[in-house]
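Structure file query.pdb (PDB, N, CA and C atoms) follows.
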```
MODEL        1
ATOM      1  N   MET A   1     -91.002-104.068 138.428
ATOM      2  CA  MET A   1     -91.562-103.062 137.574
ATOM      3  C   MET A   1     -92.397-103.750 136.492
ATOM      4  N   ARG A   2     -93.629-103.308 136.348
ATOM      5  CA  ARG A   2     -94.545-103.886 135.369
ATOM      6  C   ARG A   2     -94.369-103.187 134.016
ATOM      7  N   VAL A   3     -94.113-103.989 132.962
ATOM      8  CA  VAL A   3     -93.720-103.467 131.660
ATOM      9  C   VAL A   3     -94.739-103.852 130.583
ATOM     10  N   VAL A   4     -95.066-102.875 129.728
ATOM     11  CA  VAL A   4     -95.780-103.138 128.483
ATOM     12  C   VAL A   4     -94.747-102.955 127.386
ATOM     13  N   PHE A   5     -94.559-103.976 126.565
ATOM     14  CA  PHE A   5     -93.537-103.961 125.514
ATOM     15  C   PHE A   5     -94.219-103.786 124.168
ATOM     16  N   ILE A   6     -93.758-102.804 123.389
ATOM     17  CA  ILE A   6     -94.337-102.517 122.076
ATOM     18  C   ILE A   6     -93.278-102.733 121.003
ATOM     19  N   GLY A   7     -93.606-103.550 120.002
ATOM     20  CA  GLY A   7     -92.683-103.794 118.904
ATOM     21  C   GLY A   7     -93.234-104.803 117.925
ATOM     22  N   SER A   8     -92.501-105.024 116.853
ATOM     23  CA  SER A   8     -92.954-105.975 115.837
ATOM     24  C   SER A   8     -91.810-106.771 115.222
ATOM     25  N   SER A   9     -90.711-106.096 114.958
ATOM     26  CA  SER A   9     -89.650-106.735 114.180
ATOM     27  C   SER A   9     -88.781-107.669 115.014
ATOM     28  N   GLU A  10     -87.983-108.430 114.317
ATOM     29  CA  GLU A  10     -87.087-109.400 114.947
ATOM     30  C   GLU A  10     -86.048-108.723 115.834
ATOM     31  N   ILE A  11     -85.692-107.502 115.501
ATOM     32  CA  ILE A  11     -84.677-106.781 116.272
ATOM     33  C   ILE A  11     -85.137-106.476 117.707
ATOM     34  N   ALA A  12     -86.436-106.532 117.965
ATOM     35  CA  ALA A  12     -86.970-106.265 119.307
ATOM     36  C   ALA A  12     -86.864-107.483 120.230
ATOM     37  N   ILE A  13     -86.660-108.650 119.678
ATOM     38  CA  ILE A  13     -86.668-109.883 120.470
ATOM     39  C   ILE A  13     -85.574-109.915 121.543
ATOM     40  N   PRO A  14     -84.312-109.570 121.245
ATOM     41  CA  PRO A  14     -83.291-109.606 122.305
ATOM     42  C   PRO A  14     -83.630-108.695 123.494
ATOM     43  N   SER A  15     -84.201-107.532 123.227
ATOM     44  CA  SER A  15     -84.578-106.628 124.326
ATOM     45  C   SER A  15     -85.677-107.243 125.185
ATOM     46  N   LEU A  16     -86.647-107.850 124.521
ATOM     47  CA  LEU A  16     -87.722-108.515 125.256
ATOM     48  C   LEU A  16     -87.163-109.671 126.075
ATOM     49  N   GLU A  17     -86.253-110.429 125.502
ATOM     50  CA  GLU A  17     -85.642-111.549 126.237
ATOM     51  C   GLU A  17     -84.939-111.065 127.504
ATOM     52  N   LYS A  18     -84.228-109.955 127.409
ATOM     53  CA  LYS A  18     -83.544-109.394 128.591
ATOM     54  C   LYS A  18     -84.556-109.040 129.681
ATOM     55  N   LEU A  19     -85.669-108.442 129.288
ATOM     56  CA  LEU A  19     -86.699-108.094 130.272
ATOM     57  C   LEU A  19     -87.317-109.349 130.887
ATOM     58  N   LEU A  20     -87.540-110.371 130.069
ATOM     59  CA  LEU A  20     -88.137-111.613 130.572
ATOM     60  C   LEU A  20     -87.203-112.326 131.550
ATOM     61  N   ASN A  21     -85.909-112.195 131.322
ATOM     62  CA  ASN A  21     -84.925-112.861 132.186
ATOM     63  C   ASN A  21     -84.572-112.036 133.431
ATOM     64  N   SER A  22     -85.072-110.830 133.503
ATOM     65  CA  SER A  22     -84.792-109.949 134.634
ATOM     66  C   SER A  22     -85.741-110.255 135.784
ATOM     67  N   SER A  23     -85.203-110.356 136.971
ATOM     68  CA  SER A  23     -86.052-110.594 138.141
ATOM     69  C   SER A  23     -86.738-109.302 138.603
ATOM     70  N   ASN A  24     -86.307-108.174 138.064
ATOM     71  CA  ASN A  24     -86.877-106.881 138.454
ATOM     72  C   ASN A  24     -88.025-106.419 137.564
ATOM     73  N   HIS A  25     -88.305-107.165 136.489
ATOM     74  CA  HIS A  25     -89.323-106.742 135.535
ATOM     75  C   HIS A  25     -90.357-107.841 135.310
ATOM     76  N   ASP A  26     -91.603-107.403 135.170
ATOM     77  CA  ASP A  26     -92.710-108.302 134.869
ATOM     78  C   ASP A  26     -93.380-107.782 133.594
ATOM     79  N   VAL A  27     -93.185-108.482 132.485
ATOM     80  CA  VAL A  27     -93.790-108.069 131.216
ATOM     81  C   VAL A  27     -95.254-108.485 131.260
ATOM     82  N   VAL A  28     -96.143-107.495 131.310
ATOM     83  CA  VAL A  28     -97.569-107.795 131.477
ATOM     84  C   VAL A  28     -98.277-108.030 130.158
ATOM     85  N   THR A  29     -97.822-107.391 129.084
ATOM     86  CA  THR A  29     -98.402-107.636 127.761
ATOM     87  C   THR A  29     -97.478-107.103 126.679
ATOM     88  N   ILE A  30     -97.726-107.577 125.463
ATOM     89  CA  ILE A  30     -97.004-107.141 124.280
ATOM     90  C   ILE A  30     -98.016-106.473 123.360
ATOM     91  N   ILE A  31     -97.618-105.377 122.737
ATOM     92  CA  ILE A  31     -98.444-104.761 121.702
ATOM     93  C   ILE A  31     -97.653-104.850 120.400
ATOM     94  N   SER A  32     -98.268-105.445 119.383
ATOM     95  CA  SER A  32     -97.597-105.645 118.105
ATOM     96  C   SER A  32     -98.586-105.426 116.961
ATOM     97  N   GLN A  33     -98.073-105.395 115.747
ATOM     98  CA  GLN A  33     -98.921-105.221 114.573
ATOM     99  C   GLN A  33     -99.781-106.453 114.333
ATOM    100  N   LYS A  34    -100.906-106.222 113.655
ATOM    101  CA  LYS A  34    -101.792-107.325 113.287
ATOM    102  C   LYS A  34    -101.098-108.246 112.284
ATOM    103  N   ASP A  35    -101.589-109.482 112.197
ATOM    104  CA  ASP A  35    -101.100-110.408 111.188
ATOM    105  C   ASP A  35    -101.406-109.830 109.805
ATOM    106  N   LYS A  36    -100.459-110.024 108.877
ATOM    107  CA  LYS A  36    -100.619-109.486 107.532
ATOM    108  C   LYS A  36    -100.397-110.577 106.494
ATOM    109  N   PRO A  37    -101.046-110.454 105.344
ATOM    110  CA  PRO A  37    -100.804-111.413 104.268
ATOM    111  C   PRO A  37     -99.359-111.301 103.780
ATOM    112  N   ALA A  38     -98.743-112.451 103.557
ATOM    113  CA  ALA A  38     -97.359-112.467 103.080
ATOM    114  C   ALA A  38     -97.165-113.619 102.099
ATOM    115  N   GLY A  39     -96.222-113.444 101.222
ATOM    116  CA  GLY A  39     -95.890-114.504 100.283
ATOM    117  C   GLY A  39     -96.820-114.546  99.086
ATOM    118  N   ARG A  40     -96.532-115.478  98.219
ATOM    119  CA  ARG A  40     -97.264-115.602  96.970
ATOM    120  C   ARG A  40     -98.738-115.931  97.186
ATOM    121  N   ARG A  41     -99.024-116.737  98.177
ATOM    122  CA  ARG A  41    -100.410-117.137  98.444
ATOM    123  C   ARG A  41    -101.114-116.206  99.433
ATOM    124  N   GLN A  42    -100.381-115.161  99.872
ATOM    125  CA  GLN A  42    -100.949-114.171 100.784
ATOM    126  C   GLN A  42    -101.517-114.797 102.062
ATOM    127  N   LYS A  43    -100.770-115.758 102.592
ATOM    128  CA  LYS A  43    -101.142-116.399 103.849
ATOM    129  C   LYS A  43    -100.854-115.430 104.995
ATOM    130  N   LEU A  44    -101.775-115.363 105.978
ATOM    131  CA  LEU A  44    -101.562-114.471 107.122
ATOM    132  C   LEU A  44    -100.310-114.876 107.884
ATOM    133  N   SER A  45     -99.494-113.880 108.204
ATOM    134  CA  SER A  45     -98.235-114.125 108.891
ATOM    135  C   SER A  45     -98.107-113.173 110.075
ATOM    136  N   SER A  46     -97.694-113.709 111.215
ATOM    137  CA  SER A  46     -97.496-112.908 112.422
ATOM    138  C   SER A  46     -96.154-112.194 112.360
ATOM    139  N   THR A  47     -96.021-111.121 113.143
ATOM    140  CA  THR A  47     -94.725-110.460 113.258
ATOM    141  C   THR A  47     -93.776-111.380 114.021
ATOM    142  N   SER A  48     -92.500-111.155 113.840
ATOM    143  CA  SER A  48     -91.495-111.961 114.546
ATOM    144  C   SER A  48     -91.673-111.865 116.054
ATOM    145  N   LEU A  49     -91.925-110.656 116.539
ATOM    146  CA  LEU A  49     -92.084-110.457 117.980
ATOM    147  C   LEU A  49     -93.331-111.154 118.505
ATOM    148  N   LYS A  50     -94.418-111.088 117.757
ATOM    149  CA  LYS A  50     -95.647-111.753 118.193
ATOM    150  C   LYS A  50     -95.446-113.265 118.273
ATOM    151  N   SER A  51     -94.790-113.838 117.281
ATOM    152  CA  SER A  51     -94.523-115.282 117.298
ATOM    153  C   SER A  51     -93.680-115.668 118.496
ATOM    154  N   PHE A  52     -92.631-114.887 118.777
ATOM    155  CA  PHE A  52     -91.768-115.156 119.925
ATOM    156  C   PHE A  52     -92.545-115.045 121.227
ATOM    157  N   ALA A  53     -93.300-113.961 121.376
ATOM    158  CA  ALA A  53     -94.062-113.733 122.607
ATOM    159  C   ALA A  53     -95.092-114.826 122.838
ATOM    160  N   SER A  54     -95.759-115.240 121.786
ATOM    161  CA  SER A  54     -96.748-116.314 121.903
ATOM    162  C   SER A  54     -96.089-117.621 122.323
ATOM    163  N   SER A  55     -94.889-117.881 121.813
ATOM    164  CA  SER A  55     -94.181-119.115 122.188
ATOM    165  C   SER A  55     -93.782-119.103 123.665
ATOM    166  N   LYS A  56     -93.666-117.913 124.247
ATOM    167  CA  LYS A  56     -93.330-117.778 125.663
ATOM    168  C   LYS A  56     -94.572-117.678 126.547
ATOM    169  N   GLY A  57     -95.756-117.755 125.930
ATOM    170  CA  GLY A  57     -96.996-117.720 126.692
ATOM    171  C   GLY A  57     -97.441-116.323 127.104
ATOM    172  N   LEU A  58     -96.887-115.305 126.468
ATOM    173  CA  LEU A  58     -97.248-113.928 126.794
ATOM    174  C   LEU A  58     -98.492-113.508 126.013
ATOM    175  N   SER A  59     -99.285-112.620 126.616
ATOM    176  CA  SER A  59    -100.450-112.110 125.897
ATOM    177  C   SER A  59     -99.980-111.040 124.913
ATOM    178  N   VAL A  60    -100.599-111.052 123.731
ATOM    179  CA  VAL A  60    -100.232-110.102 122.685
ATOM    180  C   VAL A  60    -101.488-109.383 122.219
ATOM    181  N   PHE A  61    -101.456-108.056 122.261
ATOM    182  CA  PHE A  61    -102.552-107.221 121.792
ATOM    183  C   PHE A  61    -102.164-106.688 120.421
ATOM    184  N   THR A  62    -103.045-106.848 119.421
ATOM    185  CA  THR A  62    -102.736-106.427 118.064
ATOM    186  C   THR A  62    -103.814-105.474 117.541
ATOM    187  N   PRO A  63    -103.701-104.198 117.860
ATOM    188  CA  PRO A  63    -104.699-103.223 117.404
ATOM    189  C   PRO A  63    -104.504-102.885 115.927
ATOM    190  N   ASP A  64    -105.537-102.303 115.319
ATOM    191  CA  ASP A  64    -105.417-101.829 113.936
ATOM    192  C   ASP A  64    -104.395-100.707 113.840
ATOM    193  N   SER A  65    -104.346 -99.869 114.892
ATOM    194  CA  SER A  65    -103.416 -98.741 114.920
ATOM    195  C   SER A  65    -102.959 -98.517 116.362
ATOM    196  N   ILE A  66    -101.678 -98.257 116.532
ATOM    197  CA  ILE A  66    -101.137 -98.010 117.870
ATOM    198  C   ILE A  66    -101.708 -96.716 118.459
ATOM    199  N   SER A  67    -102.102 -95.788 117.590
ATOM    200  CA  SER A  67    -102.609 -94.501 118.066
ATOM    201  C   SER A  67    -104.139 -94.441 118.125
ATOM    202  N   SER A  68    -104.787 -95.586 118.077
ATOM    203  CA  SER A  68    -106.250 -95.608 118.098
ATOM    204  C   SER A  68    -106.800 -95.478 119.517
ATOM    205  N   SER A  69    -108.061 -95.117 119.597
ATOM    206  CA  SER A  69    -108.715 -95.024 120.900
ATOM    207  C   SER A  69    -108.842 -96.406 121.541
ATOM    208  N   ILE A  70    -108.905 -97.440 120.734
ATOM    209  CA  ILE A  70    -108.971 -98.821 121.246
ATOM    210  C   ILE A  70    -107.687 -99.143 122.013
ATOM    211  N   THR A  71    -106.554 -98.752 121.460
ATOM    212  CA  THR A  71    -105.275 -98.980 122.142
ATOM    213  C   THR A  71    -105.214 -98.175 123.435
ATOM    214  N   TYR A  72    -105.661 -96.936 123.381
ATOM    215  CA  TYR A  72    -105.675 -96.083 124.572
ATOM    216  C   TYR A  72    -106.552 -96.703 125.662
ATOM    217  N   ASP A  73    -107.739 -97.157 125.283
ATOM    218  CA  ASP A  73    -108.640 -97.795 126.259
ATOM    219  C   ASP A  73    -108.030 -99.071 126.823
ATOM    220  N   PHE A  74    -107.358 -99.842 125.981
ATOM    221  CA  PHE A  74    -106.684-101.069 126.422
ATOM    222  C   PHE A  74    -105.624-100.745 127.468
ATOM    223  N   LEU A  75    -104.820 -99.719 127.211
ATOM    224  CA  LEU A  75    -103.748 -99.353 128.142
ATOM    225  C   LEU A  75    -104.290 -98.797 129.457
ATOM    226  N   LYS A  76    -105.434 -98.133 129.410
ATOM    227  CA  LYS A  76    -106.030 -97.600 130.637
ATOM    228  C   LYS A  76    -106.458 -98.720 131.590
ATOM    229  N   LYS A  77    -106.758 -99.888 131.054
ATOM    230  CA  LYS A  77    -107.223-101.013 131.871
ATOM    231  C   LYS A  77    -106.087-101.819 132.487
ATOM    232  N   ILE A  78    -104.881-101.591 132.037
ATOM    233  CA  ILE A  78    -103.728-102.364 132.514
ATOM    234  C   ILE A  78    -102.958-101.562 133.562
ATOM    235  N   VAL A  79    -102.518-102.252 134.594
ATOM    236  CA  VAL A  79    -101.653-101.620 135.593
ATOM    237  C   VAL A  79    -100.211-101.885 135.161
ATOM    238  N   PHE A  80     -99.496-100.808 134.816
ATOM    239  CA  PHE A  80     -98.103-100.943 134.406
ATOM    240  C   PHE A  80     -97.315 -99.715 134.832
ATOM    241  N   ASP A  81     -96.007 -99.872 134.887
ATOM    242  CA  ASP A  81     -95.129 -98.779 135.301
ATOM    243  C   ASP A  81     -94.460 -98.084 134.137
ATOM    244  N   ILE A  82     -94.187 -98.840 133.052
ATOM    245  CA  ILE A  82     -93.405 -98.286 131.965
ATOM    246  C   ILE A  82     -93.777 -98.967 130.649
ATOM    247  N   LEU A  83     -93.684 -98.176 129.563
ATOM    248  CA  LEU A  83     -93.816 -98.704 128.213
ATOM    249  C   LEU A  83     -92.412 -98.802 127.627
ATOM    250  N   VAL A  84     -92.082 -99.920 127.031
ATOM    251  CA  VAL A  84     -90.797-100.076 126.350
ATOM    252  C   VAL A  84     -91.098-100.244 124.870
ATOM    253  N   ILE A  85     -90.496 -99.352 124.071
ATOM    254  CA  ILE A  85     -90.746 -99.371 122.634
ATOM    255  C   ILE A  85     -89.450 -99.660 121.912
TER     256      ILE A  85
ENDMDL
END
```
Any chance you could put this one into structure tokens?
Amino acid sequence: MRVVFIGSSEIAIPSLEKLLNSSNHDVVTIISQKDKPAGRRQKLSSTSLKSFASSKGLSVFTPDSISSSITYDFLKKIVFDILVI
């Protein structure tokens, strides 16, 4: 089953790990929030999920808004069976 995984926070990582370790699922892409300024110096910081996904070599799509037409067009181009949020 081809999966698109949507999330940002650290709490989403265990669920993504389970899907990655499953022989029945193929995670085709991750959708997460854009990098945001954080800390005193306002250095750009990735979401926990994006950092994890990137370390695993997964592609990560970071739209300005999940409900934008850009996100809709992106999803129309991908062959997938299910969205996991």
Next item on the list: Mind checking which residues fall within 6.5 Å of A:Pro63, counting all atoms listed in the file, ignoring those fewer than 3 positions away in the same chain, and posting them as a PyMOL selection string?
Entry: chain A and resi 32-34+66+71
Check: So what does the PyMOL selection byres (((chain A and resi 47 and name CA) around 9) and name CA) actually pick up in this one, as number ranges by chain?
Finding: A: 7-10, 32-36, 45-46, 48-52
Residues of the last selection are to be written out with N, CA and C atoms, as a JSON list (two decimals), in the frame of the given file.
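Wrote selection.json, looks like this:
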```json
[["chain", "number", "residue", "atom", "x", "y", "z"],
["A", 7, "GLY", "N", -93.61, -103.55, 120.00],
["A", 7, "GLY", "CA", -92.68, -103.79, 118.90],
["A", 7, "GLY", "C", -93.23, -104.80, 117.92],
["A", 8, "SER", "N", -92.50, -105.02, 116.85],
["A", 8, "SER", "CA", -92.95, -105.98, 115.84],
["A", 8, "SER", "C", -91.81, -106.77, 115.22],
["A", 9, "SER", "N", -90.71, -106.10, 114.96],
["A", 9, "SER", "CA", -89.65, -106.74, 114.18],
["A", 9, "SER", "C", -88.78, -107.67, 115.01],
["A", 10, "GLU", "N", -87.98, -108.43, 114.32],
["A", 10, "GLU", "CA", -87.09, -109.40, 114.95],
["A", 10, "GLU", "C", -86.05, -108.72, 115.83],
["A", 32, "SER", "N", -98.27, -105.44, 119.38],
["A", 32, "SER", "CA", -97.60, -105.64, 118.10],
["A", 32, "SER", "C", -98.59, -105.43, 116.96],
["A", 33, "GLN", "N", -98.07, -105.40, 115.75],
["A", 33, "GLN", "CA", -98.92, -105.22, 114.57],
["A", 33, "GLN", "C", -99.78, -106.45, 114.33],
["A", 34, "LYS", "N", -100.91, -106.22, 113.66],
["A", 34, "LYS", "CA", -101.79, -107.32, 113.29],
["A", 34, "LYS", "C", -101.10, -108.25, 112.28],
["A", 35, "ASP", "N", -101.59, -109.48, 112.20],
["A", 35, "ASP", "CA", -101.10, -110.41, 111.19],
["A", 35, "ASP", "C", -101.41, -109.83, 109.80],
["A", 36, "LYS", "N", -100.46, -110.02, 108.88],
["A", 36, "LYS", "CA", -100.62, -109.49, 107.53],
["A", 36, "LYS", "C", -100.40, -110.58, 106.49],
["A", 45, "SER", "N", -99.49, -113.88, 108.20],
["A", 45, "SER", "CA", -98.24, -114.12, 108.89],
["A", 45, "SER", "C", -98.11, -113.17, 110.08],
["A", 46, "SER", "N", -97.69, -113.71, 111.22],
["A", 46, "SER", "CA", -97.50, -112.91, 112.42],
["A", 46, "SER", "C", -96.15, -112.19, 112.36],
["A", 48, "SER", "N", -92.50, -111.16, 113.84],
["A", 48, "SER", "CA", -91.50, -111.96, 114.55],
["A", 48, "SER", "C", -91.67, -111.86, 116.05],
["A", 49, "LEU", "N", -91.92, -110.66, 116.54],
["A", 49, "LEU", "CA", -92.08, -110.46, 117.98],
["A", 49, "LEU", "C", -93.33, -111.15, 118.50],
["A", 50, "LYS", "N", -94.42, -111.09, 117.76],
["A", 50, "LYS", "CA", -95.65, -111.75, 118.19],
["A", 50, "LYS", "C", -95.45, -113.26, 118.27],
["A", 51, "SER", "N", -94.79, -113.84, 117.28],
["A", 51, "SER", "CA", -94.52, -115.28, 117.30],
["A", 51, "SER", "C", -93.68, -115.67, 118.50],
["A", 52, "PHE", "N", -92.63, -114.89, 118.78],
["A", 52, "PHE", "CA", -91.77, -115.16, 119.92],
["A", 52, "PHE", "C", -92.54, -115.04, 121.23]]
```
Next item on the list: Please write as a PyMOL selection string the list of polymer residues whose atoms come within 8 Å of (-96.3, -103.3, 133.7), counting all atoms listed in the file and keeping to the coordinates of the file.
Entry: chain A and resi 1-5+25-29+78-83
Item checked: Residue set, stretch 1-81 of chain A restricted to strand (DSSP E), as a ChimeraX atom specification -> /A:2-6,26-31,36-38,43-45,60-61
Next item on the list: Using DSSP on the backbone, list every residue of chain A that comes out as helix (DSSP H, G or I), and give them as number ranges by chain.
Entry: A: 10-21, 48-55, 69-76
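For the choices A:Ile30, A:Ser15, A:Ile70, A:Ser23, the atom-to-atom distance to A:Leu58 is smallest for A:Ile30 when using only C-alpha atoms.
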